[in-house]
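So this block is protein-v8.cif, mmCIF, C-alpha atoms:
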data_upload
loop_
_atom_site.group_PDB
_atom_site.id
_atom_site.type_symbol
_atom_site.label_atom_id
_atom_site.label_comp_id
_atom_site.auth_asym_id
_atom_site.auth_seq_id
_atom_site.Cartn_x
_atom_site.Cartn_y
_atom_site.Cartn_z
ATOM 1 C CA MET A 7 271.487 -58.268 77.236
ATOM 2 C CA LYS A 8 272.283 -55.917 74.350
ATOM 3 C CA LEU A 9 268.770 -54.465 74.543
ATOM 4 C CA LEU A 10 269.146 -53.796 78.258
ATOM 5 C CA LEU A 11 272.537 -52.162 77.715
ATOM 6 C CA SER A 12 271.106 -49.991 74.911
ATOM 7 C CA ILE A 13 268.198 -48.836 77.079
ATOM 8 C CA PHE A 14 270.516 -48.028 79.986
ATOM 9 C CA LEU A 15 272.886 -46.082 77.723
ATOM 10 C CA THR A 16 270.013 -44.129 76.133
ATOM 11 C CA LEU A 17 268.520 -43.213 79.506
ATOM 12 C CA SER A 18 271.864 -42.141 80.951
ATOM 13 C CA LEU A 19 272.629 -39.897 77.956
ATOM 14 C CA ASN A 20 269.229 -38.214 78.154
ATOM 15 C CA GLY A 21 269.348 -37.620 81.902
ATOM 16 C CA PHE A 22 268.846 -34.229 83.445
ATOM 17 C CA SER A 23 271.071 -32.747 86.095
ATOM 18 C CA GLN A 24 269.827 -30.542 88.869
ATOM 19 C CA SER A 25 271.842 -27.726 90.323
ATOM 20 C CA ILE A 26 272.701 -28.403 93.929
ATOM 21 C CA ASN A 27 272.296 -25.547 96.373
ATOM 22 C CA CYS A 28 275.180 -25.953 98.797
ATOM 23 C CA PRO A 29 276.144 -22.523 100.138
ATOM 24 C CA CYS A 30 279.448 -22.136 101.906
ATOM 25 C CA GLN A 31 279.186 -22.816 105.615
ATOM 26 C CA TYR A 32 282.495 -21.077 106.383
ATOM 27 C CA THR A 33 281.839 -17.943 108.429
ATOM 28 C CA GLY A 34 284.973 -16.161 107.196
ATOM 29 C CA ASN A 35 284.109 -16.316 103.495
ATOM 30 C CA GLN A 36 282.849 -12.705 103.481
ATOM 31 C CA MET A 37 286.234 -11.491 104.706
ATOM 32 C CA LEU A 38 288.016 -13.163 101.792
ATOM 33 C CA ALA A 39 285.430 -11.821 99.317
ATOM 34 C CA LYS A 40 287.004 -8.375 99.809
ATOM 35 C CA LEU A 41 290.075 -9.629 97.911
ATOM 36 C CA ILE A 42 288.152 -10.389 94.701
ATOM 37 C CA GLY A 43 289.210 -8.206 91.789
ATOM 38 C CA THR A 44 292.199 -7.305 89.632
ATOM 39 C CA TRP A 45 295.244 -6.030 91.449
ATOM 40 C CA LYS A 46 298.501 -4.450 90.321
ATOM 41 C CA VAL A 47 301.263 -6.103 92.336
ATOM 42 C CA GLU A 48 304.671 -4.612 93.041
ATOM 43 C CA ALA A 49 307.128 -7.075 94.539
ATOM 44 C CA LYS A 50 310.719 -7.147 95.654
ATOM 45 C CA ASP A 51 311.859 -10.648 94.688
ATOM 46 C CA ARG A 52 315.006 -12.310 95.955
ATOM 47 C CA THR A 53 317.037 -13.633 93.013
ATOM 48 C CA SER A 54 319.959 -14.931 95.118
ATOM 49 C CA PRO A 55 321.233 -14.394 98.667
ATOM 50 C CA GLY A 56 321.537 -10.638 99.157
ATOM 51 C CA ASN A 57 320.318 -9.785 95.621
ATOM 52 C CA TYR A 58 316.812 -8.488 94.913
ATOM 53 C CA GLU A 59 314.898 -7.116 91.944
ATOM 54 C CA ASN A 60 311.738 -4.994 91.871
ATOM 55 C CA ASN A 61 308.981 -6.480 89.719
ATOM 56 C CA VAL A 62 305.461 -5.562 88.654
ATOM 57 C CA GLY A 63 302.663 -8.023 87.864
ATOM 58 C CA VAL A 64 298.899 -8.400 87.703
ATOM 59 C CA SER A 65 296.881 -10.628 90.028
ATOM 60 C CA VAL A 66 293.281 -11.566 89.236
ATOM 61 C CA ILE A 67 291.422 -12.979 92.257
ATOM 62 C CA SER A 68 288.054 -14.661 91.731
ATOM 63 C CA THR A 69 285.683 -16.814 93.772
ATOM 64 C CA GLY A 70 284.710 -20.440 93.303
ATOM 65 C CA LEU A 71 282.753 -23.252 94.949
ATOM 66 C CA LYS A 72 279.851 -21.107 96.168
ATOM 67 C CA GLY A 73 282.210 -18.705 97.926
ATOM 68 C CA CYS A 74 284.142 -21.437 99.754
ATOM 69 C CA SER A 75 287.315 -20.849 97.757
ATOM 70 C CA ILE A 76 289.201 -18.123 96.001
ATOM 71 C CA LYS A 77 291.477 -18.475 92.990
ATOM 72 C CA GLU A 78 294.429 -16.245 92.179
ATOM 73 C CA SER A 79 295.880 -16.000 88.673
ATOM 74 C CA TYR A 80 299.128 -14.022 88.665
ATOM 75 C CA GLN A 81 301.272 -12.894 85.729
ATOM 76 C CA GLY A 82 304.572 -11.172 86.393
ATOM 77 C CA ILE A 83 308.288 -11.027 85.712
ATOM 78 C CA PHE A 84 311.125 -12.801 87.531
ATOM 79 C CA ARG A 85 314.751 -12.492 86.440
ATOM 80 C CA GLU A 86 313.534 -10.552 83.395
ATOM 81 C CA LYS A 87 311.329 -13.448 82.187
ATOM 82 C CA LEU A 88 307.524 -13.581 82.058
ATOM 83 C CA TYR A 89 305.808 -16.201 84.163
ATOM 84 C CA ALA A 90 302.316 -17.079 85.362
ATOM 85 C CA VAL A 91 301.027 -18.850 88.469
ATOM 86 C CA GLU A 92 297.541 -19.979 89.465
ATOM 87 C CA THR A 93 296.610 -20.895 93.031
ATOM 88 C CA SER A 94 293.381 -21.879 94.781
ATOM 89 C CA PHE A 95 292.670 -21.380 98.463
ATOM 90 C CA TYR A 96 289.950 -23.466 100.094
ATOM 91 C CA MET A 97 288.342 -22.545 103.388
ATOM 92 C CA LYS A 98 287.563 -25.185 105.993
ATOM 93 C CA ASP A 99 283.874 -26.021 106.014
ATOM 94 C CA SER A 100 282.026 -25.996 109.332
ATOM 95 C CA MET A 101 280.900 -29.564 108.737
#

For the structure just supplied, provide its representation as structure tokens.
Amino acid sequence: MKLLLSIFLTLSLNGFSQSINCPCQYTGNQMLAKLIGTWKVEAKDRTSPGNYENNVGVSVISTGLKGCSIKESYQGIFREKLYAVETSFYMKDSM
């Protein structure tokens, strides 16, 4: 039993992985690709009812999952404090 377990463990550690070619089937992915890049963002944020502040930040938008998603990493200021947010958007696949 120990021999069998040792052989299985050795084979699984020495395995090779193949890259899977699974292009995005979403027809609108080219439209979202236009957003990819680094953007300077100017925002008017509401701090309380009737009170707003103007803020500046940087948004970095990149692609993921073979073009079927985009990721936004944003760094800015709110109420005079630095903050960062990261969000991913996934498109609906045609399948």

Find the spatial neighbours of stretch 59-62 of chain A, counting only C-alpha atoms, within a cut-off of 9 Å - ignore same-chain residues fewer than 4 positions away - and output them as number ranges by chain. A: 46-53, 81-86

Using all atoms listed in the file, which of A:Leu38, A:Ser54, A:Gly63, A:Thr44 sits nearest A:Lys87? A:Gly63

Quote the spacing between atom CA of A:Ala90 and atom CA of A:Ile76 in Å to one decimal place. 16.9 Å

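The space separating atom CA of A:Asn57 from atom CA of A:Leu88 comes to 19.0 Å.
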
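Computed from the coordinates, the atom CA of A:Ser68 to atom CA of A:Tyr89 distance equals 19.4 Å.
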
With a distance cut-off of 9 Å and all atoms listed in the file, select the neighbouring residues of A:Tyr96, excluding the residue or stretch itself and same-chain residues fewer than 6 positions from it, and output the selection as number ranges by chain. A: 71, 74-77

Target residues per the PyMOL selection byres ((chain A and resi 93) around 7), formatted as an mmCIF file with C-alpha atoms, in the frame of the given file:
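So the final result, stored in result27.cif, reads:
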data_model
loop_
_atom_site.group_PDB
_atom_site.id
_atom_site.type_symbol
_atom_site.label_atom_id
_atom_site.label_comp_id
_atom_site.auth_asym_id
_atom_site.auth_seq_id
_atom_site.Cartn_x
_atom_site.Cartn_y
_atom_site.Cartn_z
ATOM 1 C CA LYS A 77 291.477 -18.475 92.990
ATOM 2 C CA GLU A 78 294.429 -16.245 92.179
ATOM 3 C CA SER A 79 295.880 -16.000 88.673
ATOM 4 C CA VAL A 91 301.027 -18.850 88.469
ATOM 5 C CA GLU A 92 297.541 -19.979 89.465
ATOM 6 C CA SER A 94 293.381 -21.879 94.781
ATOM 7 C CA PHE A 95 292.670 -21.380 98.463
#
